[in-house]
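As stored in my_file.txt (compact mmCIF, C-alpha atoms and all ligand atoms):
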# COMPACT_ATOMS: atom_id res chain seq x y z
CA MET K 1 2.21 -26.05 -26.23
CA ASN K 2 -0.74 -23.95 -25.23
CA ASP K 3 0.61 -20.91 -27.04
CA LEU K 4 0.90 -22.89 -30.25
CA LYS K 5 -2.66 -24.09 -29.83
CA LEU K 6 -3.75 -20.51 -29.29
CA LYS K 7 -2.05 -19.27 -32.39
CA ARG K 8 -3.75 -21.94 -34.48
CA ARG K 9 -7.13 -21.00 -33.14
CA SER K 10 -8.80 -18.73 -35.63
CA PHE K 11 -11.53 -17.27 -33.50
CA LEU K 12 -12.13 -15.67 -30.15
CA ASN K 13 -15.27 -15.65 -28.13
CA ILE K 14 -15.24 -12.65 -25.90
CA ALA K 15 -17.34 -12.64 -22.75
CA LEU K 16 -18.62 -9.12 -22.08
CA THR K 17 -21.74 -9.88 -20.18
CA THR K 18 -23.95 -9.24 -17.26
CA SER K 19 -23.76 -11.88 -14.60
CA ALA K 20 -26.12 -13.98 -12.60
CA VAL K 21 -25.61 -15.01 -8.99
CA ILE K 22 -26.73 -18.39 -7.79
CA SER K 23 -26.64 -19.44 -4.17
CA LEU K 24 -25.10 -22.84 -3.61
CA GLY K 25 -26.78 -23.08 -0.24
CA GLY K 26 -23.49 -22.98 1.60
CA GLY K 27 -21.84 -25.80 -0.35
CA ARG K 28 -19.60 -26.19 -3.35
CA ASP K 29 -20.68 -27.80 -6.62
CA LEU K 30 -20.02 -31.40 -5.60
CA ASN K 31 -20.92 -32.72 -9.03
CA ALA K 32 -18.04 -30.87 -10.61
CA LYS K 33 -15.24 -33.30 -11.46
CA GLU K 34 -12.27 -31.16 -10.75
CA ILE K 35 -8.66 -31.66 -11.78
CA GLU K 36 -5.55 -29.68 -11.03
CA PRO K 37 -4.75 -27.11 -13.73
CA ASN K 38 -2.00 -28.66 -15.77
CA ALA K 39 -0.73 -27.55 -19.16
CA ASP K 40 -0.25 -31.20 -20.17
CA THR K 41 -3.94 -32.00 -19.90
CA ASP K 42 -6.29 -31.21 -22.76
CA HIS K 43 -8.24 -28.60 -20.87
CA SER K 44 -6.18 -26.03 -18.96
CA PHE K 45 -6.04 -22.44 -17.80
CA THR K 46 -4.17 -20.15 -20.17
CA THR K 47 -4.05 -17.48 -17.43
CA LYS K 48 -4.68 -17.27 -13.74
CA PRO K 49 -7.71 -15.17 -12.82
CA TYR K 50 -7.15 -11.40 -12.88
CA LEU K 51 -9.29 -8.81 -11.12
CA GLN K 52 -10.92 -5.76 -12.72
CA ASN K 53 -13.37 -2.98 -11.95
CA VAL K 54 -13.77 -3.29 -8.19
CA SER K 55 -16.26 -1.13 -6.30
CA GLN K 56 -18.13 -1.29 -3.01
CA ASP K 57 -20.50 -4.03 -4.16
CA LYS K 58 -18.95 -5.75 -7.17
CA ILE K 59 -15.81 -6.95 -8.90
CA THR K 60 -15.14 -8.64 -12.23
CA VAL K 61 -12.98 -11.77 -12.42
CA ARG K 62 -11.42 -12.50 -15.79
CA TRP K 63 -9.37 -15.43 -17.08
CA ILE K 64 -8.64 -17.37 -20.25
CA THR K 65 -8.85 -21.10 -20.91
CA ASN K 66 -7.28 -23.01 -23.78
CA LYS K 67 -10.62 -24.58 -24.80
CA PRO K 68 -14.12 -23.18 -25.22
CA CYS K 69 -16.03 -23.97 -22.04
CA TYR K 70 -18.63 -22.97 -19.48
CA SER K 71 -17.15 -21.01 -16.57
CA TRP K 72 -18.21 -19.82 -13.16
CA VAL K 73 -16.82 -18.31 -9.96
CA GLU K 74 -17.47 -19.62 -6.47
CA TYR K 75 -16.94 -17.05 -3.75
CA GLY K 76 -17.74 -16.11 -0.18
CA LEU K 77 -16.59 -14.39 2.98
CA ASP K 78 -14.42 -17.37 3.93
CA GLU K 79 -12.71 -20.21 2.13
CA GLN K 80 -15.90 -22.27 2.24
CA LEU K 81 -17.04 -19.96 -0.60
CA GLY K 82 -20.74 -20.92 -0.89
CA ASN K 83 -21.95 -18.58 -3.65
CA LYS K 84 -21.74 -19.06 -7.37
CA ALA K 85 -21.71 -16.45 -10.16
CA GLN K 86 -21.85 -17.07 -13.88
CA ALA K 87 -22.20 -14.73 -16.83
CA SER K 88 -25.55 -14.37 -18.55
CA ASN K 89 -26.24 -12.36 -21.68
CA LEU K 90 -29.45 -11.94 -23.71
CA GLY K 91 -31.07 -14.88 -21.94
CA LEU K 92 -28.17 -17.24 -22.42
CA ILE K 93 -25.70 -18.39 -19.80
CA GLU K 94 -22.30 -17.62 -21.29
CA ALA K 95 -20.67 -20.81 -22.60
CA ASN K 96 -18.49 -22.14 -25.40
CA ASN K 97 -16.07 -19.23 -24.93
CA ARG K 98 -12.42 -18.97 -23.89
CA VAL K 99 -12.00 -15.40 -22.62
CA HIS K 100 -14.06 -15.19 -19.45
CA GLY K 101 -15.41 -12.21 -17.53
CA ILE K 102 -17.74 -12.83 -14.60
CA THR K 103 -18.95 -10.05 -12.34
CA LEU K 104 -19.66 -10.83 -8.70
CA ASN K 105 -22.55 -8.55 -7.72
CA GLY K 106 -24.20 -7.75 -4.40
CA LEU K 107 -20.98 -7.81 -2.37
CA LYS K 108 -20.61 -6.07 0.99
CA PRO K 109 -18.38 -2.97 1.14
CA GLY K 110 -14.98 -3.14 2.78
CA LYS K 111 -14.93 -6.94 3.11
CA ARG K 112 -12.38 -9.55 2.14
CA TYR K 113 -13.88 -12.17 -0.17
CA TYR K 114 -12.40 -15.51 -1.21
CA TYR K 115 -12.93 -16.90 -4.68
CA LYS K 116 -12.08 -19.76 -6.99
CA VAL K 117 -12.75 -19.97 -10.74
CA PHE K 118 -13.96 -23.08 -12.58
CA SER K 119 -14.19 -23.99 -16.26
CA LYS K 120 -15.88 -27.04 -17.74
CA ASP K 121 -15.23 -27.87 -21.38
CA PHE K 122 -17.36 -29.88 -23.81
CA GLU K 123 -16.83 -33.26 -25.37
CA SER K 124 -19.52 -32.24 -27.84
CA TYR K 125 -21.93 -29.31 -28.17
CA GLU K 126 -24.92 -30.33 -30.26
CA PRO K 127 -28.07 -28.18 -30.60
CA TYR K 128 -30.13 -30.50 -28.40
CA LYS K 129 -27.46 -32.45 -26.53
CA ILE K 130 -24.33 -31.31 -24.77
CA LYS K 131 -21.71 -33.73 -23.44
CA PHE K 132 -19.54 -32.08 -20.82
CA GLY K 133 -15.81 -32.71 -20.56
CA THR K 134 -13.40 -31.88 -17.78
CA THR K 135 -13.82 -29.31 -15.02
CA ILE K 136 -10.72 -27.44 -13.94
CA GLY K 137 -10.48 -25.19 -10.89
CA SER K 138 -8.02 -22.52 -9.81
CA GLU K 139 -6.53 -22.03 -6.37
CA ILE K 140 -8.53 -20.02 -3.88
CA TYR K 141 -7.60 -16.33 -3.96
CA SER K 142 -8.99 -13.32 -2.13
CA PHE K 143 -9.72 -9.63 -2.72
CA LYS K 144 -11.17 -6.72 -0.80
CA THR K 145 -14.15 -4.61 -1.84
CA VAL K 146 -14.02 -0.82 -1.53
CA SER K 147 -15.03 0.53 1.90
CA GLN K 148 -18.09 2.75 2.23
CA GLN K 149 -16.13 5.48 4.01
CA GLU K 150 -12.75 5.05 2.38
CA LYS K 151 -10.46 7.55 4.08
CA GLU K 152 -7.22 6.62 2.36
CA VAL K 153 -6.27 5.13 -0.99
CA THR K 154 -2.93 3.96 -2.41
CA LEU K 155 -2.23 2.99 -6.00
CA LEU K 156 0.83 2.01 -8.00
CA ILE K 157 1.30 3.31 -11.54
CA MET K 158 3.49 1.84 -14.28
CA ASN K 159 3.88 3.00 -17.88
CA ASP K 160 5.89 2.27 -21.03
CA ILE K 161 6.85 -1.33 -20.28
CA HIS K 162 7.06 -1.99 -24.07
CA ASP K 163 6.92 -5.79 -24.12
CA ARG K 164 9.36 -6.32 -21.26
CA PRO K 165 7.37 -8.63 -18.98
CA ALA K 166 10.12 -8.91 -16.35
CA SER K 167 9.74 -5.16 -15.68
CA ILE K 168 6.25 -5.66 -14.24
CA GLY K 169 7.34 -7.90 -11.36
CA HIS K 170 10.50 -5.89 -10.86
CA LEU K 171 8.77 -2.52 -10.56
CA ILE K 172 5.90 -3.76 -8.38
CA GLY K 173 8.50 -5.52 -6.22
CA LEU K 174 10.08 -2.14 -5.43
CA ASN K 175 6.98 -1.33 -3.40
CA GLY K 176 7.98 -4.06 -0.95
CA LYS K 177 5.32 -5.11 1.50
CA ASN K 178 3.56 -1.72 1.54
CA PRO K 179 -0.17 -2.26 1.02
CA TYR K 180 -1.86 -0.85 -2.10
CA ASP K 181 -5.43 -0.86 -3.36
CA PHE K 182 -5.02 -1.06 -7.13
CA VAL K 183 -2.59 -0.67 -10.02
CA VAL K 184 -2.86 1.59 -13.06
CA LEU K 185 -1.10 0.57 -16.27
CA ASN K 186 -0.70 3.92 -17.99
CA GLY K 187 -0.12 2.90 -21.59
CA ASP K 188 2.48 1.44 -23.94
CA MET K 189 2.73 -1.84 -22.12
CA PHE K 190 3.36 -3.30 -25.61
CA ASN K 191 5.18 -2.14 -28.75
CA TYR K 192 2.18 -3.07 -30.93
CA GLN K 193 -0.54 -5.70 -30.74
CA THR K 194 0.17 -9.05 -32.39
CA ASP K 195 -2.09 -11.69 -30.85
CA GLU K 196 -3.56 -13.07 -27.66
CA ALA K 197 -0.39 -15.00 -26.77
CA GLN K 198 1.46 -11.66 -26.50
CA ILE K 199 -1.14 -10.23 -24.10
CA VAL K 200 -0.92 -13.39 -21.99
CA ALA K 201 2.87 -13.70 -21.92
CA ASN K 202 3.81 -10.03 -21.64
CA LEU K 203 1.05 -8.68 -19.43
CA LEU K 204 -1.55 -11.03 -17.95
CA ASN K 205 0.87 -13.66 -16.66
CA PRO K 206 3.46 -11.30 -15.18
CA CYS K 207 0.66 -9.28 -13.53
CA ALA K 208 -0.93 -12.47 -12.13
CA GLU K 209 2.41 -13.70 -10.81
CA THR K 210 2.86 -10.39 -9.01
CA PHE K 211 -0.51 -9.02 -7.91
CA SER K 212 -3.60 -9.28 -10.15
CA THR K 213 -5.12 -12.46 -8.71
CA GLU K 214 -5.78 -10.42 -5.56
CA ILE K 215 -5.36 -6.72 -6.49
CA PRO K 216 -7.28 -5.22 -9.44
CA PHE K 217 -5.73 -3.12 -12.18
CA ILE K 218 -6.92 -0.46 -14.60
CA TYR K 219 -5.53 -0.41 -18.12
CA LEU K 220 -5.21 2.85 -20.06
CA ARG K 221 -4.09 2.59 -23.66
CA GLY K 222 -1.03 4.39 -25.00
CA ASN K 223 -0.24 5.18 -28.62
CA HIS K 224 1.47 1.80 -29.11
CA GLU K 225 -1.54 -0.25 -28.03
CA VAL K 226 -3.55 1.14 -30.94
CA ARG K 227 -1.06 -0.32 -33.45
CA GLY K 228 -0.86 -3.78 -34.97
CA LYS K 229 -3.32 -6.35 -36.25
CA PHE K 230 -4.68 -7.27 -32.78
CA ALA K 231 -5.25 -3.67 -31.56
CA ARG K 232 -9.01 -3.89 -32.03
CA GLN K 233 -9.28 -7.02 -29.87
CA LEU K 234 -7.10 -5.70 -27.01
CA PRO K 235 -9.87 -3.89 -25.07
CA SER K 236 -11.90 -7.13 -24.92
CA TYR K 237 -9.40 -8.59 -22.44
CA PHE K 238 -9.90 -5.85 -19.84
CA GLU K 239 -12.73 -4.20 -17.98
CA ASN K 240 -12.31 -0.67 -16.75
CA VAL K 241 -14.91 1.53 -15.05
CA ASN K 242 -18.14 1.51 -17.14
CA LYS K 243 -16.34 -0.90 -19.52
CA ALA K 244 -14.87 2.24 -21.10
CA GLN K 245 -11.47 3.39 -22.33
CA TYR K 246 -11.92 6.87 -20.79
CA PHE K 247 -13.77 7.27 -17.51
CA THR K 248 -13.87 8.83 -14.05
CA PHE K 249 -14.08 7.26 -10.62
CA THR K 250 -13.64 8.26 -6.99
CA ARG K 251 -11.51 6.34 -4.52
CA GLY K 252 -11.07 7.72 -1.00
CA PRO K 253 -10.60 11.48 -1.21
CA VAL K 254 -9.51 11.38 -4.88
CA HIS K 255 -11.56 11.86 -8.03
CA PHE K 256 -9.68 10.34 -10.96
CA ILE K 257 -10.13 11.35 -14.59
CA CYS K 258 -8.63 8.89 -17.07
CA LEU K 259 -8.32 9.81 -20.75
CA ASP K 260 -7.40 7.78 -23.83
CA THR K 261 -4.97 10.06 -25.66
CA GLY K 262 -4.72 7.96 -28.83
CA GLU K 263 -2.05 8.01 -31.52
CA ASP K 264 0.85 10.46 -31.51
CA LYS K 265 0.83 11.47 -35.20
CA GLU K 266 -1.80 12.86 -37.57
CA ASP K 267 -4.59 10.47 -38.51
CA ASN K 268 -3.51 10.64 -42.16
CA HIS K 269 0.13 9.72 -41.39
CA LYS K 270 1.33 6.99 -43.76
CA GLU K 271 2.19 4.67 -40.87
CA TYR K 272 -1.50 4.23 -40.13
CA SER K 273 -2.59 3.31 -43.68
CA GLY K 274 -5.80 5.33 -43.38
CA PHE K 275 -7.01 3.39 -40.31
CA ALA K 276 -6.59 6.10 -37.63
CA ASP K 277 -9.52 8.23 -36.47
CA PHE K 278 -8.19 9.74 -33.26
CA ASP K 279 -8.97 13.42 -33.89
CA SER K 280 -12.70 12.83 -33.64
CA TYR K 281 -12.18 10.39 -30.76
CA ARG K 282 -10.26 13.02 -28.75
CA GLU K 283 -12.88 15.65 -29.64
CA ILE K 284 -15.61 13.41 -28.22
CA GLN K 285 -13.53 13.01 -25.06
CA ALA K 286 -13.12 16.80 -24.75
CA VAL K 287 -16.92 17.27 -24.79
CA TRP K 288 -17.22 14.51 -22.20
CA LEU K 289 -14.38 15.98 -20.11
CA LYS K 290 -16.09 19.37 -19.97
CA LYS K 291 -19.12 17.71 -18.38
CA GLN K 292 -17.00 15.73 -15.93
CA LEU K 293 -15.25 18.88 -14.72
CA LYS K 294 -18.63 20.35 -13.83
CA SER K 295 -19.91 17.19 -12.12
CA LYS K 296 -20.76 16.94 -8.46
CA ALA K 297 -18.28 14.10 -7.98
CA PHE K 298 -15.46 16.26 -9.35
CA LYS K 299 -16.41 19.34 -7.37
CA LYS K 300 -16.82 17.64 -4.04
CA ALA K 301 -13.64 15.53 -4.17
CA LYS K 302 -10.78 16.72 -2.00
CA TYR K 303 -8.21 15.93 -4.70
CA LYS K 304 -8.50 15.74 -8.48
CA VAL K 305 -6.00 13.63 -10.40
CA VAL K 306 -5.82 13.19 -14.19
CA VAL K 307 -4.13 10.09 -15.60
CA MET K 308 -3.39 9.86 -19.33
CA HIS K 309 -0.60 8.45 -21.47
CA ILE K 310 0.56 11.38 -23.64
CA PRO K 311 1.46 14.51 -21.63
CA HIS K 312 0.15 17.65 -23.32
CA TYR K 313 3.32 19.52 -22.31
CA HIS K 314 6.95 18.41 -21.77
CA SER K 315 6.56 15.91 -24.59
CA ASP K 316 7.27 15.95 -28.32
CA LYS K 317 5.70 18.44 -30.72
CA LEU K 318 3.79 15.78 -32.64
CA HIS K 319 0.13 16.15 -33.50
CA GLY K 320 -1.14 13.94 -30.63
CA THR K 321 0.56 16.10 -28.01
CA LEU K 322 -0.60 19.36 -29.60
CA HIS K 323 -4.14 18.11 -30.14
CA CYS K 324 -4.40 17.03 -26.47
CA ARG K 325 -3.07 20.46 -25.51
CA ALA K 326 -5.59 22.29 -27.69
CA LEU K 327 -8.57 20.19 -26.57
CA PHE K 328 -7.85 19.46 -22.91
CA GLY K 329 -5.24 22.05 -21.80
CA THR K 330 -7.56 25.02 -21.24
CA LEU K 331 -10.16 22.84 -19.52
CA PHE K 332 -7.57 21.50 -17.08
CA ASN K 333 -6.36 25.04 -16.34
CA GLN K 334 -9.88 26.40 -15.84
CA HIS K 335 -10.71 23.82 -13.19
CA LYS K 336 -8.62 23.07 -10.19
CA ILE K 337 -6.65 19.91 -10.82
CA ASP K 338 -4.18 18.79 -8.17
CA LEU K 339 -1.96 16.52 -10.22
CA MET K 340 -1.54 14.96 -13.67
CA ILE K 341 0.29 11.65 -14.23
CA CYS K 342 1.53 10.65 -17.70
CA GLY K 343 4.09 8.48 -19.50
CA HIS K 344 5.05 8.31 -23.18
CA THR K 345 8.27 10.36 -23.33
CA HIS K 346 10.50 7.61 -21.86
CA LYS K 347 12.12 10.37 -19.80
CA HIS K 348 10.87 10.68 -16.26
CA GLY K 349 10.24 14.15 -14.90
CA PHE K 350 8.42 16.29 -12.40
CA TYR K 351 7.10 19.65 -13.60
CA PRO K 352 5.61 21.98 -10.96
CA ALA K 353 2.67 24.25 -11.77
CA GLN K 354 3.71 26.91 -14.28
CA LYS K 355 2.35 29.27 -16.92
CA ASP K 356 1.23 26.57 -19.37
CA HIS K 357 -0.30 24.24 -16.80
CA ASN K 358 -1.38 25.53 -13.39
CA PHE K 359 -1.03 22.10 -11.78
CA PRO K 360 1.99 19.79 -11.31
CA MET K 361 2.73 17.06 -13.86
CA ILE K 362 4.58 13.79 -13.27
CA ILE K 363 5.90 11.81 -16.23
CA GLY K 364 6.97 8.21 -15.62
CA GLY K 365 10.05 6.87 -17.46
CA GLY K 366 10.93 3.63 -19.26
CA PRO K 367 11.30 1.16 -20.82
CA LYS K 368 15.04 0.42 -20.59
CA GLU K 369 16.81 -0.63 -17.44
CA GLY K 370 17.88 2.45 -15.49
CA GLU K 371 15.08 4.53 -17.01
CA ARG K 372 12.02 2.72 -15.61
CA THR K 373 9.95 4.15 -12.77
CA LEU K 374 7.27 3.14 -10.32
CA ILE K 375 4.88 5.88 -9.18
CA THR K 376 3.11 5.51 -5.85
CA LEU K 377 0.13 7.73 -5.14
CA THR K 378 -1.35 7.93 -1.63
CA ALA K 379 -4.21 10.18 -0.59
CA ASN K 380 -5.80 10.71 2.78
CA GLU K 381 -7.47 13.56 4.64
CA LYS K 382 -4.10 15.19 5.30
CA ALA K 383 -2.39 15.07 1.91
CA LEU K 384 -2.08 13.79 -1.62
CA THR K 385 1.41 12.37 -1.99
CA ALA K 386 3.10 11.03 -5.12
CA LEU K 387 6.44 9.31 -5.00
CA VAL K 388 8.45 8.45 -8.11
CA ILE K 389 11.19 5.87 -7.68
CA ASP K 390 13.68 4.56 -10.22
CA ASP K 391 14.13 0.86 -10.97
CA LYS K 392 16.72 0.48 -8.23
CA GLY K 393 14.25 1.88 -5.69
CA LYS K 394 15.89 5.31 -5.38
CA GLU K 395 13.53 8.24 -4.82
CA LEU K 396 13.52 10.58 -7.82
CA TYR K 397 10.68 12.97 -7.02
CA LYS K 398 8.24 13.49 -4.21
CA PHE K 399 5.17 15.65 -4.53
CA SER K 400 2.84 16.39 -1.63
CA THR K 401 0.00 18.85 -1.27
FE FE P 501 3.73 6.36 -25.79

For this file, write the structure as C-alpha cells.
Ligand SMILES: [Fe+2]
Amino acid sequence: MNDLKLKRRSFLNIALTTSAVISLGGGRDLNAKEIEPNADTDHSFTTKPYLQNVSQDKITVRWITNKPCYSWVEYGLDEQLGNKAQASNLGLIEANNRVHGITLNGLKPGKRYYYKVFSKDFESYEPYKIKFGTTIGSEIYSFKTVSQQEKEVTLLIMNDIHDRPASIGHLIGLNGKNPYDFVVLNGDMFNYQTDEAQIVANLLNPCAETFSTEIPFIYLRGNHEVRGKFARQLPSYFENVNKAQYFTFTRGPVHFICLDTGEDKEDNHKEYSGFADFDSYREIQAVWLKKQLKSKAFKKAKYKVVVMHIPHYHSDKLHGTLHCRALFGTLFNQHKIDLMICGHTHKHGFYPAQKDHNFPMIIGGGPKEGERTLITLTANEKALTALVIDDKGKELYKFST
C-alpha cells in the first residue's frame, strides 16, 4: 500500500541540512503522542533508520516516512536517551519533508549511543497555524562512534548486486558474528534508477534488516546507478564523507580514497541521449586526486586503499576503463598504494602488483548466484588483510601485507 502511495506522490522533499541539538533535560518528549509504526495507519515509516557518515563526534541518521512531517532523533549513552536532535537549515527547522537526514553532533569518541527516531505529521499546515497529526517512533537502536586512537578497523565490501535484494542479507550473513565497523557498497547495486520505491525495496530495507540500523554504510556509485530517470535523485538518499560522491577518510591505520568512476562508454554514446558528462567529471576528480596523494593524511597513513567501481585494468576496453587508466593510473603508480578494490566486471579476481599497476587489485564478482562475493578488509598495526569469499562462504583469495 505504501509503495503505491509513494509512486503517486509527485514530489520529494530532500533533507540535506545542518542539525540542531536540544537537550531534553534527561527526559523524553512526554507530549509526543506515539504509536507503533504500522503500515495500516495513515502515518508510517517507509524505512527503518539507516546510519551514515560516522566519525569521532557525529553520525547522520536517515529514514523515510510515507507522509510529510517534522522529524527528530532522541539519543543518549543509555536507553534513557535524553538528548534531542533535529535538522535546521537557513533558519528553519526542517519540516514538511519525507526523506529525513539528522546529524547528531558533539558525540564522544569510541562510545556506544542509543537512539530512536520520531516523525510527527500534519493535519494541516497553514502559513500561520499548524495542526499536528500523529507521532510515530522507531525502536531503540544503537551505534558506536569512532575511537580517538583507533588501532584496528574492519569493513565489509559488496558490489554489483544489480537489483537482487536477497543478496545483501545473504552476503553480509557470510560474515557470521565477526564484528565489523562499516560497510561499503561499491557500485551497481541497481540495474538503473526508476524511483524511490526501488531504492527502498532493493537497498534500504534489505540493508536495514541486516545491519544499517546499527552499522553505517558508504555508497559509491557504479555505471548503472547513473542510468534511468531517477539517477539524479539517488545521491539525495545517502550521505557519504563531506556529502560527496568522491572523498577520502582515515579509519584506524588506513587512509581510504574513494572515486566515482562514472559511465563505462563515451559521453556521446547513443544510449545516453546526450545526457552524460563524465569525461569532465573524471578530469575534475584527477585534479583532486593529485592533491589527495600529496596530503598529510595520505602520507602519514600506514596503509593506503583505493575503492572505486570500474577497475582501470583487468576490465573491458571501453572508454570508462581507458579514461580511468589515463587519468588515475599514473598517479596511483607514482604514489605508494597498498591495495585497490573494484567491482564492475562480474568476474571476481585477484591481481598482484605487476608492470601496469604496482599495487595489488581485488575485483569483486556478481551478481548471479555462484558468482557473488563478499570482501572483508581488516587493518591493524601488524597487517592489512583482505579476504574474498564466494557466496557459499568459501575463501577465494587472501591478501595480506
Ligand atoms: Fe559496473

Skip Ile375 (chain K) itself and residues of its chain fewer than 2 positions away, then list as an NGL selection string all residues within 7 Å of it, counting all atoms listed in the file. :K and (156-158 or 373 or 377 or 386-389)

Identify which of the residues K:Ala276, K:Ile93, K:Val153, K:Val54 lies closest to Val241 (chain K), counting only C-alpha atoms when measuring atom-to-atom distances.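 Using only C-alpha atoms, Val241 (chain K) sits closest to K:Val54.
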
Which residue of K:Ser295, K:Asn175, K:Thr376, K:Thr321 approaches ligand FE 501 (chain P) most closely, using only C-alpha atoms and all ligand atoms: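 Smallest separation from ligand FE 501 (chain P) among the options: K:Thr321.
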
Rows by chain and residue number, chain K within 6 Å of ligand FE 501 (chain P), shortest pair, all atoms listed in the file, as a Markdown table:
| residue | atom | partner | partner_atom | distance |
| --- | --- | --- | --- | --- |
| K:Asp188 | CA | P:FE501 | FE | 5.4 |
| K:Gly222 | CA | P:FE501 | FE | 5.2 |
| K:Asn223 | CA | P:FE501 | FE | 5.0 |
| K:His344 | CA | P:FE501 | FE | 3.5 |

Could you write out the selected residues, including C-alpha atoms, as a short mmCIF file (atom, residue, chain, number, x, y, z; two decimals), keeping the file's coordinate frame?
data_model
loop_
_atom_site.label_atom_id
_atom_site.label_comp_id
_atom_site.auth_asym_id
_atom_site.auth_seq_id
_atom_site.Cartn_x
_atom_site.Cartn_y
_atom_site.Cartn_z
CA ASP K 188 2.48 1.44 -23.94
CA GLY K 222 -1.03 4.39 -25.00
CA ASN K 223 -0.24 5.18 -28.62
CA HIS K 344 5.05 8.31 -23.18
#

Here CA of Arg227 (chain K) and CA of His346 (chain K) stand apart by 18.2 Å
